[in-house]
file run01.txt (compact mmCIF, C-alpha atoms and all ligand atoms)
# COMPACT_ATOMS: atom_id res chain seq x y z
CA MET E 1 43.88 -44.03 -11.72
CA SER E 2 44.43 -41.35 -9.11
CA GLN E 3 42.28 -38.89 -11.10
CA HIS E 4 39.44 -41.29 -10.62
CA LEU E 5 39.93 -41.41 -6.85
CA ASN E 6 39.72 -37.60 -6.56
CA VAL E 7 36.13 -37.39 -7.78
CA ASP E 8 33.75 -36.99 -4.87
CA PRO E 9 30.84 -39.28 -5.76
CA LEU E 10 28.39 -37.00 -3.93
CA GLU E 11 29.57 -33.98 -5.94
CA GLU E 12 29.26 -36.08 -9.04
CA LEU E 13 25.68 -36.92 -8.09
CA SER E 14 24.86 -33.23 -7.60
CA LYS E 15 26.13 -32.50 -11.11
CA GLN E 16 24.07 -35.29 -12.55
CA LEU E 17 21.01 -34.08 -10.69
CA GLU E 18 21.50 -30.59 -12.13
CA ASN E 19 21.71 -32.03 -15.63
CA ASP E 20 18.41 -33.78 -15.10
CA HIS E 21 16.77 -30.67 -13.57
CA LEU E 22 16.67 -32.07 -10.06
CA GLY E 23 18.21 -30.75 -6.85
CA PRO E 24 19.93 -32.09 -3.70
CA LEU E 25 18.06 -30.80 -0.65
CA TRP E 26 21.01 -31.73 1.62
CA GLU E 27 22.83 -28.78 0.05
CA THR E 28 20.07 -26.19 -0.18
CA LEU E 29 17.66 -26.67 2.71
CA GLY E 30 19.00 -23.62 4.58
CA GLU E 31 18.61 -21.42 1.52
CA MET E 32 15.11 -22.64 0.79
CA VAL E 33 13.67 -22.74 4.29
CA THR E 34 15.26 -19.71 5.94
CA LYS E 35 15.29 -19.10 9.68
CA GLU E 36 13.43 -15.84 9.16
CA PRO E 37 12.16 -13.82 6.19
CA THR E 38 15.00 -13.02 3.75
CA HIS E 39 14.52 -10.97 0.60
CA SER E 40 16.25 -8.29 -1.42
CA MET E 41 13.75 -5.50 -0.71
CA LYS E 42 15.21 -2.42 1.00
CA PRO E 43 13.48 0.57 2.56
CA TYR E 44 13.28 3.79 0.55
CA LEU E 45 11.82 7.29 0.88
CA TRP E 46 10.53 9.55 -1.90
CA LYS E 47 10.24 13.31 -1.30
CA TRP E 48 6.90 14.88 -2.18
CA GLN E 49 8.37 17.84 -4.05
CA THR E 50 10.20 15.50 -6.43
CA ILE E 51 7.12 13.39 -7.14
CA ARG E 52 4.82 16.39 -7.53
CA GLN E 53 7.16 18.22 -9.89
CA HIS E 54 7.42 15.23 -12.28
CA LEU E 55 3.69 14.59 -12.06
CA LEU E 56 2.81 18.19 -12.99
CA LYS E 57 5.26 17.96 -15.89
CA SER E 58 3.42 14.87 -17.16
CA GLY E 59 0.25 16.97 -16.94
CA GLU E 60 1.75 19.38 -19.48
CA LEU E 61 2.84 16.60 -21.80
CA LEU E 62 -0.11 14.22 -22.00
CA THR E 63 -3.89 14.16 -21.88
CA VAL E 64 -5.86 11.44 -20.15
CA GLY E 65 -8.21 9.45 -22.37
CA ARG E 66 -8.29 6.25 -24.38
CA LYS E 67 -4.62 6.62 -25.43
CA ALA E 68 -3.20 7.29 -21.96
CA GLU E 69 -5.79 5.80 -19.65
CA ARG E 70 -4.23 7.06 -16.44
CA ARG E 71 -1.68 9.79 -15.74
CA VAL E 72 0.30 8.28 -12.93
CA VAL E 73 3.86 8.49 -11.61
CA TYR E 74 4.56 5.43 -9.48
CA LEU E 75 7.09 4.46 -6.83
CA GLN E 76 9.77 2.16 -8.17
CA ASN E 77 11.78 0.70 -5.33
CA PRO E 78 15.44 0.77 -6.47
CA SER E 79 16.10 -2.53 -4.71
CA LEU E 80 13.35 -4.12 -6.89
CA LYS E 81 14.20 -2.26 -10.07
CA ASP E 82 13.67 -5.21 -12.41
CA LYS E 83 10.10 -5.62 -11.18
CA VAL E 84 8.00 -2.90 -12.74
CA GLY E 85 5.81 -1.03 -10.27
CA PHE E 86 7.10 -2.84 -7.19
CA ALA E 87 7.36 -0.55 -4.15
CA THR E 88 7.36 -3.70 -2.02
CA GLU E 89 7.25 -7.33 -3.19
CA THR E 90 3.47 -7.18 -2.92
CA LEU E 91 2.34 -3.54 -3.11
CA TYR E 92 2.33 -0.66 -5.57
CA ALA E 93 1.71 3.04 -5.06
CA GLY E 94 1.11 5.53 -7.83
CA ILE E 95 0.40 9.23 -7.68
CA GLN E 96 -2.34 10.16 -10.14
CA LEU E 97 -3.11 13.55 -11.67
CA LEU E 98 -6.47 14.33 -13.25
CA LEU E 99 -7.14 17.75 -14.76
CA PRO E 100 -10.54 19.47 -14.93
CA GLY E 101 -12.76 17.98 -17.62
CA GLU E 102 -10.65 14.85 -18.16
CA VAL E 103 -12.11 11.35 -18.11
CA ALA E 104 -10.04 8.33 -17.11
CA PRO E 105 -12.05 5.61 -18.90
CA SER E 106 -13.72 2.63 -17.28
CA HIS E 107 -11.81 -0.61 -16.84
CA ARG E 108 -11.44 -3.43 -14.35
CA HIS E 109 -8.60 -5.65 -13.19
CA SER E 110 -7.95 -8.44 -10.74
CA GLN E 111 -5.70 -6.16 -8.68
CA GLY E 112 -7.55 -4.45 -5.84
CA ALA E 113 -7.11 -0.67 -5.68
CA ILE E 114 -7.52 2.06 -3.12
CA ARG E 115 -7.26 5.85 -3.60
CA PHE E 116 -6.16 8.32 -0.96
CA VAL E 117 -6.87 11.93 -1.92
CA ILE E 118 -3.89 14.29 -1.59
CA GLU E 119 -4.88 17.57 -3.28
CA GLY E 120 -7.97 19.15 -4.83
CA ASP E 121 -11.65 18.34 -5.10
CA GLY E 122 -14.37 18.03 -7.71
CA ALA E 123 -13.12 14.75 -9.14
CA PHE E 124 -15.15 11.59 -8.72
CA THR E 125 -14.71 7.86 -9.08
CA THR E 126 -17.48 5.54 -10.24
CA VAL E 127 -17.35 1.95 -8.96
CA ASN E 128 -19.74 -0.44 -10.72
CA GLY E 129 -21.96 2.59 -11.27
CA GLU E 130 -21.71 4.00 -7.72
CA LYS E 131 -20.44 7.55 -8.07
CA THR E 132 -18.50 9.17 -5.25
CA TYR E 133 -16.85 12.58 -5.02
CA MET E 134 -13.29 12.71 -3.76
CA GLU E 135 -12.16 15.26 -1.19
CA GLU E 136 -8.79 15.69 0.48
CA GLY E 137 -8.05 12.87 2.92
CA ASP E 138 -10.81 10.56 1.67
CA LEU E 139 -10.09 6.88 1.11
CA VAL E 140 -11.91 5.57 -1.97
CA LEU E 141 -12.09 1.86 -2.82
CA THR E 142 -12.20 0.33 -6.27
CA PRO E 143 -12.12 -3.34 -5.24
CA ALA E 144 -10.70 -6.11 -7.42
CA TRP E 145 -12.65 -6.73 -10.65
CA THR E 146 -15.05 -3.78 -10.18
CA TRP E 147 -15.53 -1.42 -13.14
CA HIS E 148 -14.10 2.01 -12.35
CA ASP E 149 -13.59 5.32 -14.08
CA HIS E 150 -12.56 8.76 -12.85
CA GLY E 151 -13.87 12.14 -13.94
CA HIS E 152 -13.30 15.73 -12.88
CA GLU E 153 -16.02 18.37 -12.57
CA GLY E 154 -13.87 20.81 -10.56
CA THR E 155 -11.57 23.63 -11.59
CA GLU E 156 -8.17 22.72 -10.08
CA PRO E 157 -5.78 19.81 -10.71
CA MET E 158 -6.62 16.79 -8.60
CA ILE E 159 -3.93 14.54 -7.14
CA TRP E 160 -4.40 11.27 -5.29
CA MET E 161 -2.46 8.18 -4.29
CA ASP E 162 -3.34 4.83 -5.88
CA GLY E 163 -2.52 1.70 -3.89
CA LEU E 164 -2.73 -1.67 -5.67
CA ASP E 165 -1.59 -5.19 -4.85
CA VAL E 166 0.46 -5.32 -8.05
CA GLY E 167 3.37 -7.42 -6.76
CA MET E 168 1.12 -9.87 -4.99
CA VAL E 169 -1.01 -10.51 -8.06
CA LYS E 170 2.08 -10.65 -10.29
CA ASN E 171 3.84 -13.18 -8.06
CA LEU E 172 0.68 -15.29 -7.89
CA CYS E 173 0.24 -15.07 -11.69
CA GLY E 174 -3.35 -13.87 -11.37
CA SER E 175 -3.53 -10.67 -13.41
CA PHE E 176 -6.53 -10.01 -15.65
CA PHE E 177 -7.56 -6.70 -17.21
CA GLU E 178 -10.55 -5.59 -19.26
CA LEU E 179 -11.64 -2.31 -20.85
CA PHE E 180 -15.29 -1.34 -20.61
CA ASP E 181 -17.03 -0.97 -23.99
CA GLU E 182 -17.92 2.62 -23.31
CA GLU E 183 -15.86 5.43 -21.86
CA THR E 184 -17.78 5.48 -18.59
CA TYR E 185 -19.91 2.97 -16.72
CA PRO E 186 -23.60 3.96 -16.36
CA VAL E 187 -24.21 5.70 -13.04
CA LYS E 188 -26.90 4.25 -10.79
CA GLY E 189 -28.53 5.80 -7.71
CA ILE E 190 -27.43 9.10 -6.22
CA PRO E 191 -23.78 10.16 -5.88
CA ASP E 192 -22.25 9.16 -2.53
CA GLY E 193 -25.23 6.91 -1.82
CA THR E 194 -23.03 4.22 -0.26
CA ILE E 195 -21.91 6.70 2.39
CA SER E 196 -25.47 7.20 3.65
CA ARG E 197 -26.27 3.49 3.39
CA PHE E 198 -23.14 2.11 5.04
CA ALA E 199 -20.95 4.69 6.81
CA GLY E 200 -21.39 4.11 10.47
CA VAL E 201 -25.12 4.64 11.00
CA GLY E 202 -25.53 1.10 12.30
CA VAL E 203 -28.03 0.09 9.67
CA ARG E 204 -27.77 -2.08 6.57
CA PRO E 205 -30.07 -2.65 3.59
CA ILE E 206 -31.87 -5.98 4.13
CA ALA E 207 -30.64 -7.12 0.73
CA ASP E 208 -27.20 -7.38 2.35
CA ARG E 209 -28.32 -9.71 5.18
CA LYS E 210 -26.86 -12.71 3.46
CA GLY E 211 -23.66 -11.34 1.99
CA LYS E 212 -21.25 -13.99 0.76
CA ASP E 213 -18.00 -13.06 2.40
CA GLY E 214 -18.90 -9.38 2.35
CA TYR E 215 -16.56 -8.48 -0.54
CA PRO E 216 -16.39 -6.22 -2.39
CA SER E 217 -17.16 -3.71 0.33
CA PRO E 218 -20.39 -1.82 -0.45
CA LEU E 219 -18.95 1.30 1.19
CA ILE E 220 -16.58 2.91 -1.28
CA ASN E 221 -15.69 6.24 0.35
CA TYR E 222 -14.31 6.75 3.86
CA LYS E 223 -14.55 10.50 4.52
CA TRP E 224 -11.56 12.22 6.09
CA ASP E 225 -13.65 14.29 8.53
CA ASN E 226 -15.05 11.11 10.10
CA VAL E 227 -11.68 9.38 10.33
CA LYS E 228 -10.05 12.48 11.81
CA LYS E 229 -12.77 12.74 14.42
CA ALA E 230 -12.34 9.07 15.33
CA LEU E 231 -8.60 9.65 15.85
CA GLU E 232 -9.21 12.72 17.99
CA GLU E 233 -11.57 10.69 20.19
CA LEU E 234 -9.05 7.83 20.30
CA SER E 235 -6.33 10.21 21.47
CA GLN E 236 -8.19 10.60 24.77
CA LEU E 237 -7.21 6.98 25.45
CA GLU E 238 -3.88 5.14 25.73
CA PRO E 239 -1.88 5.11 22.47
CA ASP E 240 -0.72 1.91 20.83
CA PRO E 241 2.97 1.46 21.76
CA PHE E 242 4.06 0.88 18.14
CA ASP E 243 1.69 3.04 16.11
CA GLY E 244 0.38 5.80 18.36
CA TYR E 245 -3.31 6.46 17.76
CA ALA E 246 -4.28 4.32 14.80
CA VAL E 247 -7.37 3.00 13.02
CA ASP E 248 -7.87 0.40 10.30
CA TYR E 249 -10.40 1.11 7.56
CA ILE E 250 -12.98 -1.69 7.68
CA ASN E 251 -15.70 -3.23 5.56
CA PRO E 252 -19.02 -2.40 7.31
CA THR E 253 -20.63 -5.72 6.37
CA ASN E 254 -18.04 -8.02 7.95
CA GLY E 255 -15.77 -5.90 10.14
CA GLN E 256 -12.72 -7.06 8.17
CA SER E 257 -10.26 -5.03 6.12
CA ALA E 258 -12.01 -2.52 3.80
CA ASP E 259 -10.25 -4.04 0.81
CA ALA E 260 -9.99 -7.83 0.89
CA ARG E 261 -6.22 -7.88 0.31
CA ILE E 262 -4.92 -4.34 0.88
CA GLY E 263 -4.97 -3.24 4.50
CA CYS E 264 -5.49 0.52 5.02
CA THR E 265 -4.51 2.33 8.21
CA MET E 266 -4.45 5.94 9.41
CA GLN E 267 -2.34 6.85 12.41
CA MET E 268 -1.85 10.00 14.40
CA LEU E 269 1.32 10.75 16.35
CA SER E 270 1.15 13.48 19.01
CA PRO E 271 3.93 16.11 19.08
CA GLY E 272 7.03 14.57 20.65
CA MET E 273 5.68 11.03 20.44
CA HIS E 274 8.30 8.32 19.80
CA THR E 275 6.89 4.83 19.39
CA GLN E 276 8.56 1.57 20.37
CA GLY E 277 10.27 -0.56 17.72
CA HIS E 278 8.82 -3.78 16.40
CA ARG E 279 8.86 -5.84 13.21
CA HIS E 280 6.31 -7.95 11.38
CA VAL E 281 6.00 -10.03 8.23
CA HIS E 282 3.66 -7.70 6.37
CA SER E 283 5.20 -4.87 4.34
CA VAL E 284 3.95 -1.30 4.35
CA ILE E 285 3.81 1.75 2.06
CA TYR E 286 3.47 4.99 4.00
CA HIS E 287 2.19 8.35 2.82
CA VAL E 288 2.66 11.33 5.15
CA LYS E 289 -0.68 13.09 5.09
CA LYS E 290 0.57 15.85 7.32
CA GLY E 291 3.42 16.62 9.68
CA SER E 292 7.12 16.01 10.06
CA GLY E 293 9.14 13.39 11.83
CA TYR E 294 11.15 10.26 11.16
CA THR E 295 10.95 6.50 11.04
CA VAL E 296 13.96 4.41 12.04
CA ILE E 297 14.10 1.26 9.91
CA ASN E 298 16.74 -1.35 10.81
CA GLY E 299 18.98 1.32 12.31
CA GLU E 300 18.62 3.89 9.51
CA LYS E 301 16.68 7.10 10.03
CA TYR E 302 14.19 8.13 7.33
CA GLU E 303 13.17 11.75 7.86
CA TRP E 304 9.78 12.63 6.45
CA SER E 305 7.51 15.62 6.01
CA THR E 306 4.11 16.31 4.46
CA GLY E 307 3.48 14.39 1.23
CA ASP E 308 6.50 12.04 1.37
CA PHE E 309 6.22 8.31 0.73
CA PHE E 310 8.35 5.56 2.28
CA VAL E 311 8.31 1.79 2.47
CA ILE E 312 8.98 -0.73 5.23
CA PRO E 313 10.14 -4.18 4.04
CA PRO E 314 8.99 -7.40 5.71
CA TRP E 315 10.61 -8.24 9.04
CA HIS E 316 12.42 -4.89 9.42
CA TRP E 317 12.56 -3.17 12.81
CA HIS E 318 10.80 0.19 12.74
CA GLU E 319 9.69 2.96 15.08
CA HIS E 320 8.19 6.41 14.44
CA GLY E 321 8.88 9.86 15.88
CA ASN E 322 6.97 13.11 15.52
CA THR E 323 9.34 16.11 15.59
CA GLY E 324 6.72 18.67 14.53
CA GLU E 325 4.74 21.11 16.65
CA GLU E 326 1.43 19.49 15.74
CA GLU E 327 -0.11 16.07 15.30
CA ALA E 328 1.36 14.03 12.46
CA PHE E 329 -0.98 11.92 10.30
CA LEU E 330 0.41 8.89 8.47
CA PHE E 331 -1.70 6.97 5.97
CA SER E 332 -0.46 3.52 5.02
CA ILE E 333 -1.34 0.42 3.04
CA ASN E 334 -0.12 -3.06 3.89
CA ASP E 335 -0.47 -6.71 2.91
CA ARG E 336 -1.46 -7.86 6.39
CA PRO E 337 -4.91 -9.14 5.33
CA VAL E 338 -3.22 -11.66 3.05
CA MET E 339 -0.47 -12.55 5.51
CA GLU E 340 -3.20 -13.30 8.06
CA MET E 341 -5.35 -15.19 5.57
CA VAL E 342 -2.46 -17.52 4.72
CA GLY E 343 -1.25 -17.81 8.31
CA LEU E 344 2.14 -16.14 7.80
CA GLU E 345 1.82 -13.04 9.98
CA MET E 346 4.31 -12.79 12.87
CA GLU E 347 5.35 -9.89 15.05
CA GLU E 348 8.32 -9.29 17.34
CA VAL E 349 8.79 -6.45 19.80
CA TYR E 350 12.13 -4.61 19.99
CA GLU E 351 13.17 -5.12 23.60
CA LYS E 352 16.79 -3.94 23.63
CA ASN E 353 17.77 -0.39 24.58
CA ASN E 354 14.32 0.42 26.10
CA GLY E 355 12.66 -0.44 22.78
CA PHE E 356 14.48 2.17 20.68
CA GLN E 357 17.00 1.28 17.97
CA GLU E 358 20.43 2.88 17.79
CA VAL E 359 20.49 5.19 14.78
CA GLU E 360 23.51 4.22 12.68
CA ARG E 361 22.78 6.15 9.48
CA ILE E 362 20.54 8.90 8.15
CA PHE E 363 18.93 8.15 4.79
CA GLN E 364 19.46 10.57 1.87
CA PRO E 365 17.13 10.07 -1.12
O1 LIG E 401 -6.89 4.53 -11.64
O2 LIG E 401 -7.59 2.63 -12.36
O3 LIG E 401 -2.13 3.85 -10.50
O4 LIG E 401 -5.85 0.83 -13.06
C1 LIG E 401 -2.68 1.88 -11.67
C2 LIG E 401 -3.63 1.12 -12.31
C3 LIG E 401 -4.32 3.57 -11.26
C4 LIG E 401 -6.68 3.36 -11.98
C5 LIG E 401 -3.04 3.10 -11.15
C6 LIG E 401 -4.94 1.58 -12.43
C7 LIG E 401 -5.29 2.83 -11.90
call {"tool": "encode", "arguments": {"input": "run01.txt", "output": "structure tokens", "more": "lines below"}}
Ligand code: GTQ
result
Amino acid sequence: MSQHLNVDPLEELSKQLENDHLGPLWETLGEMVTKEPTHSMKPYLWKWQTIRQHLLKSGELLTVGRKAERRVVYLQNPSLKDKVGFATETLYAGIQLLLPGEVAPSHRHSQGAIRFVIEGDGAFTTVNGEKTYMEEGDLVLTPAWTWHDHGHEGTEPMIWMDGLDVGMVKNLCGSFFELFDEETYPVKGIPDGTISRFAGVGVRPIADRKGKDGYPSPLINYKWDNVKKALEELSQLEPDPFDGYAVDYINPTNGQSADARIGCTMQMLSPGMHTQGHRHVHSVIYHVKKGSGYTVINGEKYEWSTGDFFVIPPWHWHEHGNTGEEEAFLFSINDRPVMEMVGLEMEEVYEKNNGFQEVERIFQP
């Protein structure tokens, strides 16, 4: 029968394969093994005033304690809206508010976390019993599976950024969480003791001679004054073509990334500086510590000023410009440590048009 002749036996096979939960690679190879990174994540920018306003409102409506363990408003990338807490496919950023006298109780999780202090002082974080005070611009680590709680001995609201590898851990199905039996973990030693033991004096307790892989980092607070000074010194030298004057936060015992999986970087752009475009596999969440300027991402201009957050997806062209009168400081977290660990990191320089993209659109949040 002619009907019989019309059936393509190969199509028929594909249908049968589907029924038996198998697949024909001759049809899908290009979709599975793409020529370059493809994904649905898009860039986005959040204005500081919007975030801050909602965060302060949450401060009026709830109290931090055992019921609401953390008061945090987090970035939800609209292109990843079905994935809770995804700013990129691998990284999360929250903005946390702690009021004087509040205690955010002790817990631990398999996600690594970093804090970058935005406003206020007098709050502290305790990491496995090491207590450290948080001042504006400090980077504080609470590495994966370390007990941590936050408290506030000051008089003004305290706001900081939380960076966690939420998407990475979610996608790798490795999330664990535990509450500590008591509200806070017992404090050992003197507050900020890890700063004197590990922050750049060139000495190390002999007990740390035979560290395993050096993680978690013993140093848990990277003070802003020191980082700022390092950048000022660096600015006497040639800038990096793509990032201006930039430093990575490192683990003093092994020279690697401060957090094992979350890369942390601070960069300074001089007034008028416009960096060259490039793209890489790792994704980035930026927080504008200070200044105003823009970042062009795949032809779209994202204009930023103090406090804003924005994200750069994997394999997207990007370049930065400082339009302010003073130095701009950009703090960022990235998943480069993992991309390097698994051998996936790649970088390409934008060569066309003298290294600057054509701006086709201006982003409106
Ligand atoms: O302060 O421990 O933004 O566990 C998300 C998860 C903050 C924290 C966040 C957390 C914390």
call {"tool": "closest_residue", "arguments": {"input": "run01.txt", "among": "E:Gly307, E:Gly355, E:Gly244, E:Gly23", "to": "Lys47 (chain E)", "atoms": "all atoms listed in the file"}}
result
E:Gly307
call {"tool": "closest_residue", "arguments": {"input": "run01.txt", "among": "E:Leu98, E:Ala68, E:Leu234, E:Val338", "to": "Asp165 (chain E)", "atoms": "all atoms listed in the file"}}
result
E:Val338
call {"tool": "atom_distance", "arguments": {"input": "run01.txt", "atom1": "CA of Phe242 (chain E)", "atom2": "CA of Pro43 (chain E)"}}
result
18.2 Å
call {"tool": "closest_atom_pairs", "arguments": {"input": "run01.txt", "of": "chain E", "to": "ligand LIG 401 (chain E)", "cutoff": "7 Å", "atoms": "all atoms listed in the file", "output": "JSON lines"}}
result
{"residue": "E:Arg70", "atom": "CA", "partner": "E:LIG401", "partner_atom": "O1", "distance": 6.0}
{"residue": "E:Val72", "atom": "CA", "partner": "E:LIG401", "partner_atom": "O3", "distance": 5.6}
{"residue": "E:Tyr74", "atom": "CA", "partner": "E:LIG401", "partner_atom": "O3", "distance": 6.9}
{"residue": "E:Ala93", "atom": "CA", "partner": "E:LIG401", "partner_atom": "O3", "distance": 6.7}
{"residue": "E:Gly94", "atom": "CA", "partner": "E:LIG401", "partner_atom": "O3", "distance": 4.5}
{"residue": "E:Ile95", "atom": "CA", "partner": "E:LIG401", "partner_atom": "O3", "distance": 6.6}
{"residue": "E:Gln96", "atom": "CA", "partner": "E:LIG401", "partner_atom": "O3", "distance": 6.3}
{"residue": "E:His107", "atom": "CA", "partner": "E:LIG401", "partner_atom": "O2", "distance": 7.0}
{"residue": "E:His148", "atom": "CA", "partner": "E:LIG401", "partner_atom": "O2", "distance": 6.5}
{"residue": "E:Asp149", "atom": "CA", "partner": "E:LIG401", "partner_atom": "O2", "distance": 6.8}
{"residue": "E:Asp162", "atom": "CA", "partner": "E:LIG401", "partner_atom": "O3", "distance": 4.9}
{"residue": "E:Gly163", "atom": "CA", "partner": "E:LIG401", "partner_atom": "O3", "distance": 7.0}
{"residue": "E:Leu164", "atom": "CA", "partner": "E:LIG401", "partner_atom": "C1", "distance": 7.0}
call {"tool": "residues_around", "arguments": {"input": "run01.txt", "residues": "Ser106 (chain E)", "least_positions_apart": "3", "cutoff": "12 Å", "atoms": "all atoms listed in the file", "output": "number ranges by chain"}}
result
E: 65-66, 69-70, 103, 109, 125-129, 142, 145-151, 177-187
call {"tool": "residues_around", "arguments": {"input": "run01.txt", "residues": "Glu135 (chain E)", "least_positions_apart": "3", "cutoff": "10 Å", "atoms": "only C-alpha atoms", "output": "mmCIF file with C-alpha atoms, in the coordinates of the input"}}
result
data_model
loop_
_atom_site.group_PDB
_atom_site.id
_atom_site.type_symbol
_atom_site.label_atom_id
_atom_site.label_comp_id
_atom_site.auth_asym_id
_atom_site.auth_seq_id
_atom_site.Cartn_x
_atom_site.Cartn_y
_atom_site.Cartn_z
ATOM 1 C CA PHE E 116 -6.160 8.320 -0.960
ATOM 2 C CA VAL E 117 -6.870 11.930 -1.920
ATOM 3 C CA ILE E 118 -3.890 14.290 -1.590
ATOM 4 C CA GLU E 119 -4.880 17.570 -3.280
ATOM 5 C CA GLY E 120 -7.970 19.150 -4.830
ATOM 6 C CA ASP E 121 -11.650 18.340 -5.100
ATOM 7 C CA GLY E 122 -14.370 18.030 -7.710
ATOM 8 C CA ALA E 123 -13.120 14.750 -9.140
ATOM 9 C CA PHE E 124 -15.150 11.590 -8.720
ATOM 10 C CA THR E 132 -18.500 9.170 -5.250
ATOM 11 C CA ASP E 138 -10.810 10.560 1.670
ATOM 12 C CA LEU E 139 -10.090 6.880 1.110
ATOM 13 C CA VAL E 140 -11.910 5.570 -1.970
ATOM 14 C CA MET E 158 -6.620 16.790 -8.600
ATOM 15 C CA TRP E 160 -4.400 11.270 -5.290
ATOM 16 C CA ASN E 221 -15.690 6.240 0.350
ATOM 17 C CA LYS E 223 -14.550 10.500 4.520
ATOM 18 C CA TRP E 224 -11.560 12.220 6.090
ATOM 19 C CA ASP E 225 -13.650 14.290 8.530
#
call {"tool": "closest_residue", "arguments": {"input": "run01.txt", "among": "E:Thr306, E:Gln111, E:Gln364, E:Ser40", "to": "Asn77 (chain E)", "atoms": "only C-alpha atoms"}}
result
E:Ser40
call {"tool": "closest_residue", "arguments": {"input": "run01.txt", "among": "E:Asn322, E:Ser196, E:Ser175, E:Gln256", "to": "Val288 (chain E)", "atoms": "all atoms listed in the file"}}
result
E:Asn322
call {"tool": "atom_distance", "arguments": {"input": "run01.txt", "atom1": "CA of Thr323 (chain E)", "atom2": "CA of Tyr222 (chain E)"}}
result
28.0 Å
call {"tool": "closest_residue", "arguments": {"input": "run01.txt", "among": "E:Val284, E:Ile297, E:Val203, E:Met268", "to": "Phe356 (chain E)", "atoms": "all atoms listed in the file"}}
result
E:Ile297
call {"tool": "closest_residue", "arguments": {"input": "run01.txt", "among": "E:Thr90, E:Ser257, E:Asn298, E:Gln267", "to": "Tyr44 (chain E)", "atoms": "only C-alpha atoms"}}
result
E:Asn298
call {"tool": "atom_distance", "arguments": {"input": "run01.txt", "atom1": "CA of Pro252 (chain E)", "atom2": "CA of Ala230 (chain E)"}}
result
15.5 Å
call {"tool": "residues_around", "arguments": {"input": "run01.txt", "residues": "Gly174 (chain E)", "least_positions_apart": "5", "cutoff": "9 Å", "atoms": "all atoms listed in the file", "output": "mmCIF file with C-alpha atoms, in the frame of the given file"}}
result
data_model
loop_
_atom_site.group_PDB
_atom_site.id
_atom_site.type_symbol
_atom_site.label_atom_id
_atom_site.label_comp_id
_atom_site.auth_asym_id
_atom_site.auth_seq_id
_atom_site.Cartn_x
_atom_site.Cartn_y
_atom_site.Cartn_z
ATOM 1 C CA SER E 110 -7.950 -8.440 -10.740
ATOM 2 C CA GLN E 111 -5.700 -6.160 -8.680
ATOM 3 C CA MET E 168 1.120 -9.870 -4.990
ATOM 4 C CA VAL E 169 -1.010 -10.510 -8.060
#
call {"tool": "residues_near_point", "arguments": {"input": "run01.txt", "point": "(4.6, 5.1, 21.2)", "cutoff": "7 Å", "atoms": "all atoms listed in the file", "output": "JSON, numbers by chain"}}
result
{"E": [239, 240, 241, 242, 243, 244, 273, 274, 275, 276]}
call {"tool": "residues_around", "arguments": {"input": "run01.txt", "residues": "region 207-210 of chain E", "least_positions_apart": "2", "cutoff": "12 Å", "atoms": "all atoms listed in the file", "output": "PDB file with C-alpha atoms, in the coordinates of the input"}}
result
ATOM      1  CA  ARG E 197     -26.270   3.490   3.390  1.00  0.00           C
ATOM      2  CA  PHE E 198     -23.140   2.110   5.040  1.00  0.00           C
ATOM      3  CA  VAL E 203     -28.030   0.090   9.670  1.00  0.00           C
ATOM      4  CA  ARG E 204     -27.770  -2.080   6.570  1.00  0.00           C
ATOM      5  CA  PRO E 205     -30.070  -2.650   3.590  1.00  0.00           C
ATOM      6  CA  LYS E 212     -21.250 -13.990   0.760  1.00  0.00           C
ATOM      7  CA  ASP E 213     -18.000 -13.060   2.400  1.00  0.00           C
ATOM      8  CA  GLY E 214     -18.900  -9.380   2.350  1.00  0.00           C
ATOM      9  CA  TYR E 215     -16.560  -8.480  -0.540  1.00  0.00           C
ATOM     10  CA  PRO E 216     -16.390  -6.220  -2.390  1.00  0.00           C
ATOM     11  CA  SER E 217     -17.160  -3.710   0.330  1.00  0.00           C
ATOM     12  CA  PRO E 218     -20.390  -1.820  -0.450  1.00  0.00           C
ATOM     13  CA  PRO E 252     -19.020  -2.400   7.310  1.00  0.00           C
ATOM     14  CA  THR E 253     -20.630  -5.720   6.370  1.00  0.00           C
ATOM     15  CA  ASN E 254     -18.040  -8.020   7.950  1.00  0.00           C
TER      16      ASN E 254
END
call {"tool": "decode", "arguments": {"input": "run01.txt", "residues": "region 286-292 of chain E", "atoms": "N, CA and C atoms", "output": "compact mmCIF listing (two decimals), in the first residue's frame"}}
result
# COMPACT_ATOMS: atom_id res chain seq x y z
N TYR E 286 28.45 41.62 39.61
CA TYR E 286 29.14 42.84 39.99
C TYR E 286 28.35 43.64 41.00
N HIS E 287 29.07 44.25 41.95
CA HIS E 287 28.49 45.24 42.85
C HIS E 287 29.35 46.50 42.75
N VAL E 288 28.71 47.64 42.45
CA VAL E 288 29.45 48.89 42.32
C VAL E 288 29.69 49.45 43.72
N LYS E 289 30.93 49.31 44.19
CA LYS E 289 31.21 49.85 45.52
C LYS E 289 31.10 51.36 45.51
N LYS E 290 31.66 51.96 44.44
CA LYS E 290 31.65 53.41 44.39
C LYS E 290 31.90 53.87 42.96
N GLY E 291 31.21 54.92 42.55
CA GLY E 291 31.50 55.51 41.25
C GLY E 291 30.35 55.37 40.27
N SER E 292 30.59 55.89 39.06
CA SER E 292 29.57 55.78 38.03
C SER E 292 30.23 55.54 36.69
